[in-house]
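The next block is work00.pdb, given as PDB, C-alpha atoms.
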MODEL        1
ATOM      1  CA  MET A 287       0.400  -5.602 -12.939
ATOM      2  CA  THR A 288      -2.161  -7.696 -11.143
ATOM      3  CA  ILE A 289      -1.648  -9.637  -7.948
ATOM      4  CA  ASN A 290      -0.799 -13.333  -8.161
ATOM      5  CA  LYS A 291      -4.186 -15.006  -7.636
ATOM      6  CA  LYS A 292      -2.375 -18.313  -6.937
ATOM      7  CA  ALA A 293      -0.084 -16.931  -4.232
ATOM      8  CA  PRO A 294      -0.278 -18.565  -0.786
ATOM      9  CA  VAL A 295      -1.287 -15.250   0.808
ATOM     10  CA  ILE A 296      -3.844 -12.893  -0.749
ATOM     11  CA  GLN A 297      -5.751 -10.112   0.955
ATOM     12  CA  GLN A 298      -8.144  -7.417  -0.231
ATOM     13  CA  ASP A 299      -9.915  -4.608   1.574
ATOM     14  CA  SER A 300     -11.642  -1.292   0.913
ATOM     15  CA  ILE A 301     -12.800   1.844   2.661
ATOM     16  CA  PHE A 302     -14.724   5.024   1.883
ATOM     17  CA  ILE A 303     -12.875   8.286   2.510
ATOM     18  CA  ASN A 304     -14.673  11.609   2.872
ATOM     19  CA  ALA A 305     -12.218  13.448   0.629
ATOM     20  CA  ASP A 306     -11.879  13.808  -3.108
ATOM     21  CA  ALA A 307      -9.580  11.544  -5.112
ATOM     22  CA  VAL A 308      -7.099  14.375  -5.717
ATOM     23  CA  LYS A 309      -6.483  14.769  -1.988
ATOM     24  CA  VAL A 310      -6.364  11.020  -1.350
ATOM     25  CA  TRP A 311      -3.943  10.545  -4.235
ATOM     26  CA  GLY A 312      -1.714  13.363  -3.005
ATOM     27  CA  ILE A 313      -1.318  11.683   0.371
ATOM     28  CA  LEU A 314      -1.024   8.103  -0.913
ATOM     29  CA  ALA A 315       1.404   8.869  -3.745
ATOM     30  CA  SER A 316       3.721  10.896  -1.494
ATOM     31  CA  ILE A 317       5.619   7.763  -0.532
ATOM     32  CA  VAL A 318       8.340   9.579   1.407
ATOM     33  CA  ASP A 319       5.646  10.890   3.785
ATOM     34  CA  TRP A 320       4.082   7.502   4.644
ATOM     35  CA  PRO A 321       5.785   7.357   8.086
ATOM     36  CA  ASP A 322       4.149  10.701   8.976
ATOM     37  CA  TRP A 323       0.670   9.163   9.005
ATOM     38  CA  ASN A 324       1.248   5.395   9.282
ATOM     39  CA  ASP A 325       3.282   4.577  12.383
ATOM     40  CA  LYS A 326       3.819   0.974  11.215
ATOM     41  CA  ILE A 327       6.091   2.356   8.490
ATOM     42  CA  HIS A 328       9.368   3.324  10.096
ATOM     43  CA  SER A 329      11.338   4.781   7.205
ATOM     44  CA  VAL A 330      11.213   5.344   3.462
ATOM     45  CA  TYR A 331      14.125   6.032   1.154
ATOM     46  CA  ILE A 332      13.330   7.284  -2.324
ATOM     47  CA  ASP A 333      15.601   9.550  -4.346
ATOM     48  CA  GLU A 334      13.626  10.154  -7.531
ATOM     49  CA  PRO A 335      10.157  11.396  -8.495
ATOM     50  CA  VAL A 336       7.361   8.883  -8.037
ATOM     51  CA  LYS A 337       6.404   7.307 -11.380
ATOM     52  CA  GLU A 338       6.350   3.899 -13.026
ATOM     53  CA  GLY A 339       9.807   2.361 -12.633
ATOM     54  CA  THR A 340      10.718   4.338  -9.493
ATOM     55  CA  THR A 341      12.415   2.237  -6.836
ATOM     56  CA  PHE A 342      12.215   2.813  -3.107
ATOM     57  CA  GLN A 343      13.184   1.083   0.114
ATOM     58  CA  TRP A 344      11.175   1.071   3.301
ATOM     59  CA  ARG A 345      10.861  -0.559   6.695
ATOM     60  CA  THR A 346       7.630  -1.910   8.113
ATOM     61  CA  ASN A 347       6.951  -4.534  10.776
ATOM     62  CA  GLY A 348      10.681  -5.084  11.179
ATOM     63  CA  SER A 349      11.187  -5.912   7.497
ATOM     64  CA  HIS A 350      13.360  -3.991   5.064
ATOM     65  CA  ILE A 351      11.535  -4.025   1.722
ATOM     66  CA  LYS A 352      12.895  -3.085  -1.696
ATOM     67  CA  SER A 353      10.101  -2.032  -4.049
ATOM     68  CA  ILE A 354       9.490  -0.794  -7.580
ATOM     69  CA  ILE A 355       6.409   1.050  -8.772
ATOM     70  CA  HIS A 356       4.669  -0.803 -11.579
ATOM     71  CA  THR A 357       1.473   1.278 -11.802
ATOM     72  CA  TYR A 358       1.129   5.046 -11.524
ATOM     73  CA  HIS A 359      -2.132   6.494 -12.836
ATOM     74  CA  ILE A 360      -2.745   9.873 -11.206
ATOM     75  CA  ASN A 361      -5.864   9.918  -8.999
ATOM     76  CA  GLN A 362      -6.719   6.342 -10.044
ATOM     77  CA  ALA A 363      -4.169   3.618  -9.256
ATOM     78  CA  LEU A 364      -0.826   3.079  -7.551
ATOM     79  CA  GLY A 365       0.941  -0.250  -7.390
ATOM     80  CA  TRP A 366       4.323  -1.689  -6.573
ATOM     81  CA  SER A 367       6.056  -4.985  -6.214
ATOM     82  CA  GLY A 368       8.556  -5.624  -3.486
ATOM     83  CA  HIS A 369      10.790  -8.227  -1.975
ATOM     84  CA  THR A 370      12.438  -8.985   1.309
ATOM     85  CA  PHE A 371      14.070 -12.069   2.779
ATOM     86  CA  GLY A 372      12.048 -15.128   1.685
ATOM     87  CA  ALA A 373       9.101 -13.170   0.335
ATOM     88  CA  LYS A 374       7.897 -11.091  -2.566
ATOM     89  CA  ALA A 375       4.668  -9.186  -2.896
ATOM     90  CA  ILE A 376       2.504  -7.299  -5.357
ATOM     91  CA  HIS A 377       0.485  -4.452  -3.843
ATOM     92  CA  ASN A 378      -2.143  -2.346  -5.638
ATOM     93  CA  TRP A 379      -4.304   0.602  -4.630
ATOM     94  CA  TYR A 380      -7.315   1.725  -6.672
ATOM     95  CA  LEU A 381      -9.164   5.010  -6.177
ATOM     96  CA  GLN A 382     -12.719   5.550  -7.389
ATOM     97  CA  SER A 383     -14.423   8.921  -7.133
ATOM     98  CA  ALA A 384     -17.823   8.733  -5.496
ATOM     99  CA  GLU A 385     -20.421  11.152  -4.247
ATOM    100  CA  HIS A 386     -18.946  12.960  -1.223
ATOM    101  CA  GLY A 387     -15.587  11.238  -1.405
ATOM    102  CA  THR A 388     -13.444   8.405  -2.691
ATOM    103  CA  LYS A 389     -13.739   4.632  -2.499
ATOM    104  CA  ILE A 390     -10.339   2.962  -1.988
ATOM    105  CA  PHE A 391      -9.711  -0.660  -2.844
ATOM    106  CA  VAL A 392      -6.414  -2.338  -1.952
ATOM    107  CA  GLU A 393      -5.104  -5.814  -2.726
ATOM    108  CA  GLU A 394      -1.888  -7.712  -2.139
ATOM    109  CA  SER A 395      -0.432 -11.120  -2.904
ATOM    110  CA  MET A 396       2.586 -12.576  -1.129
ATOM    111  CA  GLU A 397       4.686 -15.560  -2.132
ATOM    112  CA  GLY A 398       8.064 -17.131  -1.511
ATOM    113  CA  TRP A 399       9.469 -19.917   0.609
ATOM    114  CA  LEU A 400       9.007 -18.041   3.895
ATOM    115  CA  VAL A 401       5.441 -17.066   2.990
ATOM    116  CA  SER A 402       4.615 -20.691   2.137
ATOM    117  CA  LEU A 403       5.935 -21.846   5.529
ATOM    118  CA  PHE A 404       3.937 -19.290   7.527
ATOM    119  CA  LYS A 405       1.018 -18.573   5.198
ATOM    120  CA  ASN A 406      -1.746 -18.644   7.835
ATOM    121  CA  LYS A 407       0.100 -16.350  10.235
ATOM    122  CA  LEU A 408       1.228 -13.996   7.458
ATOM    123  CA  SER A 409      -2.293 -13.878   6.021
ATOM    124  CA  ARG A 410      -3.683 -12.743   9.405
ATOM    125  CA  ILE A 411      -0.905 -10.164   9.784
ATOM    126  CA  LEU A 412      -1.470  -8.814   6.281
ATOM    127  CA  GLU A 413      -5.227  -8.583   6.849
ATOM    128  CA  LYS A 414      -4.726  -6.519  10.026
ATOM    129  CA  ASP A 415      -1.990  -4.351   8.496
ATOM    130  CA  MET A 416      -4.035  -3.664   5.366
ATOM    131  CA  ASN A 417      -7.024  -2.563   7.424
ATOM    132  CA  TYR A 418      -4.796  -0.445   9.671
ATOM    133  CA  TRP A 419      -3.233   1.239   6.643
ATOM    134  CA  LEU A 420      -6.680   2.036   5.188
ATOM    135  CA  VAL A 421      -7.891   3.516   8.479
ATOM    136  CA  GLN A 422      -4.724   5.615   8.840
ATOM    137  CA  LEU A 423      -5.082   6.867   5.248
ATOM    138  CA  LYS A 424      -8.726   7.743   5.910
ATOM    139  CA  ASN A 425      -7.800   9.604   9.115
ATOM    140  CA  GLN A 426      -5.052  11.557   7.352
ATOM    141  CA  CYS A 427      -7.274  12.466   4.397
ATOM    142  CA  GLU A 428     -10.193  13.545   6.591
ATOM    143  CA  LYS A 429      -8.151  15.784   8.895
ATOM    144  CA  VAL A 430      -9.508  19.295   9.010
ATOM    145  CA  GLU A 431      -6.746  21.685   8.036
ATOM    146  CA  PRO A 432      -6.603  24.966  10.031
TER     147      PRO A 432
ENDMDL
END

C-alpha cells encoding of this file:
Amino acid sequence: MTINKKAPVIQQDSIFINADAVKVWGILASIVDWPDWNDKIHSVYIDEPVKEGTTFQWRTNGSHIKSIIHTYHINQALGWSGHTFGAKAIHNWYLQSAEHGTKIFVEESMEGWLVSLFKNKLSRILEKDMNYWLVQLKNQCEKVEP
C-alpha cells in the first residue's frame, strides 16, 4: 500500500544506520517494544505475531491509534495504516542494505476532517516526530551490546 499522494499532510525522511538490515528490522518489526526505545510512544497492545493483517493499538502524542499492518517484507519493508479521531494515516518504512549499514526511508500521509482543519500544524508535528523516530531507531540499532 502506498501513501495517499493527495492527502493534506505528507512527510518523508531518511537516515543511515550503522547496523545491518537484519538488526534494524528486528528492532523496527518488534512493535511491542517500540516504547522501550521511543519515549513518544507510550503503550502498544498487540496480541498476535507481526505479519500482514495483524492489528495493534498504540498511544503516541496523546492519541490512541488503531492500526493494521499492510506490508511485511522481512528486512525490507514494514507498513501500516491507522486511524484515530478525525484522522487516518498510511505509514511505510523501507530498509535498503548499504555498505557498512542500512539506509532507512520512511513516509506517511494523513487525511481526514481534523487533518484538513489543522494541516499546517500537523505537518510540522509529523515532520518533527518522523525525524525523532528515525534518530531514536538509529540510536537503538547502534547501541554497543556488552

Nearest to Ile411 of chain A: which of A:Gln362, A:Gln297, A:Thr341, A:Ser316 is it, counting only C-alpha atoms?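 When distances to Ile411 of chain A are compared using only C-alpha atoms, the smallest one comes from A:Gln297.
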
Shell of 6 Å around Ile376 of chain A, all atoms listed in the file, local chain residues under 5 positions omitted, as a list of chain:residue names: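 Returned residues: A:Ile289, A:Ser367, A:Glu394, A:Ser395.
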
Of the candidates A:Asp319, A:Trp344, A:Pro294, A:Ala305, which shows the shortest atom-to-atom distance to Val430 of chain A, using only C-alpha atoms?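 Using only C-alpha atoms, Val430 of chain A sits closest to A:Ala305.
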
Considering only C-alpha atoms, state which residue in the set A:Ala315, A:Ile327, A:Leu403, A:Ile390 is at the smallest distance from Val295 of chain A.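 For Val295 of chain A, the nearest of the given residues is A:Leu403.
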
Residues near Val336 of chain A, anyone? I mean within 12 Å using all atoms listed in the file, not counting same-chain ones fewer than 6 positions away, as a ChimeraX atom specification. /A:312,314-318,342,353-360,364-366

Taking all atoms listed in the file into account, which of A:Val310, A:Leu381, A:Ile301, A:Leu408 comes nearest Glu428 of chain A? A:Val310

Could you pull the residues within 12 Å of Leu412 of chain A, counting only C-alpha atoms, minus those fewer than 4 positions along the same chain, as a list of chain:residue names?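 Residues near the query, excluding close chain neighbours: A:Val295, A:Ile296, A:Gln297, A:Gln298, A:Asp299, A:Thr346, A:Asn347, A:Ala375, A:His377, A:Val392, A:Glu393, A:Glu394, A:Ser395, A:Met396, A:Val401, A:Phe404, A:Lys405, A:Asn406, A:Lys407, A:Leu408, A:Met416, A:Asn417, A:Tyr418, A:Trp419.
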
Shortest contact to Trp323 of chain A, candidates A:Ala293, A:Asn378, A:Leu423, A:Lys429, atoms counted all atoms listed in the file, goes to A:Leu423

Record the distance separating atom CA of Ile332 of chain A and atom CA of Ile303 of chain A, expressed in Å with one decimal.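 Atom-to-atom, atom CA of Ile332 of chain A to atom CA of Ile303 of chain A, that is 26.7 Å.
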
Could you work out how far atom CA of Lys337 of chain A lies from atom CA of Phe371 of chain A, giving the answer in Å with one decimal?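 So the two atoms, atom CA of Phe371 of chain A and atom CA of Lys337 of chain A, lie 25.2 Å apart.
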
Can you tell me which residues surround Asp306 of chain A at a distance of at most 8 Å, considering all atoms listed in the file, apart from same-chain residues fewer than 6 positions away, and format the answer as a PyMOL selection string? chain A and resi 383+386-388

How many Å lie between atom CA of Cys427 of chain A and atom CA of Lys309 of chain A, rounded to one decimal?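 Distance reported for this atom pair: 6.8 Å.
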
Calculate, to one decimal in Å, the centre and edge lengths of the box along x, y and z of the file that holds all listed atoms of segment 415-421 of chain A with 6 Å of margin on each side, and present them as JSON.
{"center_x": -4.9, "center_y": -0.4, "center_z": 7.4, "size_x": 17.9, "size_y": 19.9, "size_z": 16.5}

Ref. answer, residues at most 9 Å from (9.5, -16.4, -4.5) with all atoms listed in the file, as an MDAnalysis selection string: chainID A and resid 369 372:375 396:401

Find the residue from A:Asn290, A:Gln343, A:Gln382, A:Gln426 that sits nearest to Thr370 of chain A; use all atoms listed in the file when measuring.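 Closest residue, counting all atoms listed in the file: A:Gln343.
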